[in-house]
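Engineer: What follows is a structure written as C-alpha cells; I'll ask about it next.
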Amino acid sequence: MTQPPQPPPNDPSQGGFGAPQDPPPGGFGAPQDPPPGGFGAPTPPPADPFGKQPATPPPPAPGGYGTPPPPAPGGYGTPPPAGPPQQQPGYGYPQGPPQQQPGYGYPHDQPTQPSGYGFPPGQAPQQGYGFPPGQPTQQQSYGYPTAPMQQPQQPGGNGPKKFSTQSQIIVAAVVAVALIIGGGVWFASSGGDDEGKKDEASTSAGTSGENKGGSGSSDSIGGGGKEKAPANTKAQVGFQLPQPKVTDVTTVAGSWLTDKAYVKTGVNEIVGYDLAKGTKLWSIPLDGQLCAASRYMSKDFKTAVAFEEGKRTTANKYPTCNQVGALDLNTGKLMWSKSVTASTGGDRPVRFDEITVSGTTVAAGGTEGGAAFDLNTGAERWKPKVSTDGCYDKGYGGGEALAVVRKCGTYDDPQLVIQALNPTTGAPLSSYKMPPGVDYASIVSTKPLVVAADVGDTAGDGSGISDFFSIDAASGKLLTRIAADGEKYAASCRATKVESCQHLAVGNNRIYVPTEEHEGTGEYGNTNEIVSFDLTTGKPTSDRADAGDRYSMFPVRMDGGNIIAYKEPPYDKGGQIVSIDGATFKQTVLMDNPSDESVRDAETSFSSDYAEYLYGNGKLYISETMVSKPRESALDDKEYLVVSFSTS
C-alpha cells in the first residue's frame, strides 16, 4: 500500500492535506489563464481537446517487440526482467487461513451506498453499460486461490484403464473409513444443526464460487446497481478546467455530483458547473480557503465544509480553520456558517481538522474536540466538552450512520475507542476499545462499522493500514480482525485523518481492496486485482477481478451491490470505468477513454493518491485535491483542476 505524505511542517493548521509530490515529468506546468468568468469557465474543446496530434504507435524493434517503447508519464511500461518470472503463491491472497477472532454473528444488511466523495447516502446517479470478460484461467495466479490441476494421462495407453476387482475393494474400504472418520469429526465440531449451518456458510465464503456471500447465497448479494452500459462505451472529452493560480500549497479537496451540477472546490469559493459543458452555474464565496469537506451529501443534495476564518495574506498565510458551513448544492447557496468555542470557557473558536455528514447531522472534529450541528438550521447539537479522563473526539465517520474515533490517554501512550453514536444527541450506542499499539484509526464505513489501523506501525509502507476491524455497531463487539499485508494490498488511509481512506469499498458484508501491482502475463508491464474479505468471518472470499495486462484498478464506490472501479491505463491507452457484479464478479465496461496522446497525458497527470474520482450517469470527473505554484521549469505545461469524460 502507498500513503500520501503528511501536511508540511510549516502549516500550523495541521489539518490540511499534505503537500503534493513533485509532478511527473511533463505532467504539470503553468496553468492556462482563466477565461472570463473566473475559474469556472472551461476551455472549449477543439477537435483535439488538448491541442495535440494523436499518438503514432511506436514501430517494432528489429526482431520483434523485445524492447518496449518508454512509457508516457503515469503509464505502465516497465520492461520485464531478463529471465522469466518465477511462479509464486497467489498474490493478494493469504498464504494460510487467518486466525479466527472471537466474535458474534452480524446481520446481512442491504448493500451500502457510495463511500466516495459527492454521492448522497442511499442513492447514486444512473446510467452505464457492459460486457463481461472471460473467466479466470486455471493457474496459480495473483490474488486468487489456485484450482487443483488435473493429473496428466499416462503415456502408452488410449484412455483410462479400469480398476481391477482387488483395487476396487481396497478403494471402497479406504473411502468407507474416511467417511466414518470425517463424519465423526464434523459431528463433533458442529454442535448441532444451527452451528453446522453457520460453519458451512463461513467456509464457503473463502472457497466456493457458488456461495459468495459470507452469510448468504449469491442470490442475496450483488445487483441493484443504477449504472448501466451505454450503447457506445467510447468516451469523449467533456470539459477541462485549468488550475487556479496560487502562491502556496492550497487545498481544493471536495467534489460532488447532483442531478444538475458537478460541484468543485476552488480558491475561496465552491463552484457548480454544468454537467456536460462545464460552464459555471453558480458560485458560493467563502470567507477563507476550504480546509475540509464532507464526502457525503444528504438525499436532497446538502453537504458541509470547514474553512479558514479569513483570506490568506503575506502576514497570515494559514488562518485558523474554525468556520463550519452548510451548502445547498441544488441552489448554490451557503445556508449557514459559524464557529464554536470550547466549553472550558473563553472566546477563542475551536479549530477543526475534518468534517462529515450523516442524515441531518454535521459533525466536525479535531485535536480540540468535536462538535455537531443541524444540517438545515445550524443549531448546535453538541460541542467540545471537558473530559476528566483526557478524552476527546478526534474525528467522525458519516454516511448512513455516525461513528467517532475518541482519543484518550497520553501522547506517548494513547488509547483509541471507536463509538457508534446517536447522530441527534451524540450519545454513544456502543464502544469498542482498540488494541494497544494503535496511535491512529480511520473509519472506513459506518454501516457496517469497519475501521482501519496500523497496529504497532507494522504496515511498513506508510499506508496507515495493517488491519481492518469489523465491529458490531449495536453491541460494540469485534466481529473479526482482518490482516491486510501492506506488501499485498494497495488501499490507504491517512493516519491523522479519521475519514480519509481511499481505493477501497464496503458492501455486501465485504470489504473490497486492490492488490499491489505486480508483473502481468504479457511481455512487459504491471497489473493488479480487486479482491474481498468477509466482514463476519474475516476470511478471504473467492472474489477476484483482474485489471488486465498493463492496467491497474481500484474501487471508486459501491453501486447497489456492484462495485464501480477505475482502471488506470498503460502509456498507450485511455483509462476505463467498469462495473463489477457483486455476485459473479464479472466486469462490465461502462466507459473507455480516448487513447490520443494529449488526452492520455491529461488523464494520467492526476495522481490517484491526490485526486478525486466521481462517476455517474455516463460521466467521469477527475479532479485535484491540492494545487500549488508551478515550478519555473514547468511554466509552459498545462495543469488541470478538473478533466471530465462522457459517453452520454
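Each chain in the C-alpha cells gets a letter, A, B and so on, in the order shown; residues start at 1 in every chain, and ligands are counted from 1 in the order they appear.
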Would you give me, as a VMD selection string, the residues in region 226-402 of chain A that DSSP reads as strand (DSSP E)?
Structural biologist: chain A and resid 236 to 242 250 to 251 255 to 257 261 to 265 269 to 274 280 to 285 290 to 293 302 to 308 321 to 328 333 to 338 354 to 358 361 to 365 371 to 374 380 to 382 392 to 397
Engineer: Excluding Glu354 (chain A) and its own-chain neighbours fewer than 3 positions away, which residues fall within 6 Å of it when counting only C-alpha atoms? Please give them as a PDB file with all heavy atoms, in the first residue's frame.
Structural biologist:
```
ATOM      1  N   ALA A 292     -11.520  21.531   4.870  1.00  0.00           N
ATOM      2  CA  ALA A 292     -12.072  20.183   4.997  1.00  0.00           C
ATOM      3  C   ALA A 292     -13.441  20.161   4.330  1.00  0.00           C
ATOM      4  O   ALA A 292     -14.176  21.151   4.364  1.00  0.00           O
ATOM      5  CB  ALA A 292     -12.188  19.764   6.456  1.00  0.00           C
ATOM      6  N   ALA A 364     -18.037  17.804  13.107  1.00  0.00           N
ATOM      7  CA  ALA A 364     -16.678  18.275  12.826  1.00  0.00           C
ATOM      8  C   ALA A 364     -15.781  17.886  13.991  1.00  0.00           C
ATOM      9  O   ALA A 364     -16.187  17.955  15.155  1.00  0.00           O
ATOM     10  CB  ALA A 364     -16.665  19.790  12.622  1.00  0.00           C
ATOM     11  N   GLY A 365     -14.563  17.459  13.686  1.00  0.00           N
ATOM     12  CA  GLY A 365     -13.649  17.001  14.727  1.00  0.00           C
ATOM     13  C   GLY A 365     -12.252  17.546  14.543  1.00  0.00           C
ATOM     14  O   GLY A 365     -11.876  18.028  13.471  1.00  0.00           O
TER      15      GLY A 365
END
```
Engineer: Give the answer as one residue: which of A:Pro349, A:Pro435, A:Gly582, A:Pro448 has the shortest atom-to-atom distance to Ile471 (chain A), using only C-alpha atoms?
Structural biologist: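 Smallest distance to Ile471 (chain A) is found for A:Pro448.
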Engineer: Excluding region 391-401 of chain A and residues on its chain fewer than 2 positions from it, collect all residues at most 6 Å away from it, counting only C-alpha atoms, and give them as a ChimeraX atom specification.
Structural biologist: /A:121,296,356-358,365-367,369-370,387,389,403-408,443,446,498-499
Engineer: With distances taken over only C-alpha atoms, which residue among A:Gly460, A:Gly574, A:Gly238, A:Gly561 lies nearest Pro594 (chain A)?
Structural biologist: A:Gly574
Engineer: So how far away is CA of Asp472 (chain A) from CA of Ser430 (chain A), in Å?
Structural biologist: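 Value for the CA of Ser430 (chain A)-CA of Asp472 (chain A) distance: 8.6 Å.
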Engineer: Which residues are near region 608-614 of chain A? Cut-off 7 Å, only C-alpha atoms, ignore same chain within fewer than 3 positions. Put them as a ChimeraX atom specification.
Structural biologist: /A:4,556,620-625
Engineer: Closest to Ser431 (chain A) among A:Thr458, A:Ser475, A:Asn509, A:Ser463, using only C-alpha atoms?
Structural biologist: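 Of the candidates, the smallest distance to Ser431 (chain A) is held by A:Ser475.
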Engineer: Between CA of Ala459 (chain A) and CA of Glu368 (chain A), measure the distance and give it in Å to one decimal.
Structural biologist: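 One can read the CA of Ala459 (chain A) to CA of Glu368 (chain A) distance as 28.1 Å.
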Engineer: Tell me which of A:Lys333, A:Arg481, A:Lys383, A:Lys629 sits closest to Thr303 (chain A), counting only C-alpha atoms.
Structural biologist: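 Closest to Thr303 (chain A) of all the choices is A:Lys333.
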Engineer: Measure the distance from CA of Glu523 (chain A) to CA of Pro570 (chain A) in Å and round it to one decimal.
Structural biologist: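 For CA of Glu523 (chain A) relative to CA of Pro570 (chain A), the distance reads 13.3 Å.
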Engineer: At a cut-off of 7 Å, using only C-alpha atoms, what residues contact Lys567 (chain A)? Leave out same-chain residues fewer than 2 positions from it and give the result as a ChimeraX atom specification.
Structural biologist: /A:547,551-554,565,569,575-577
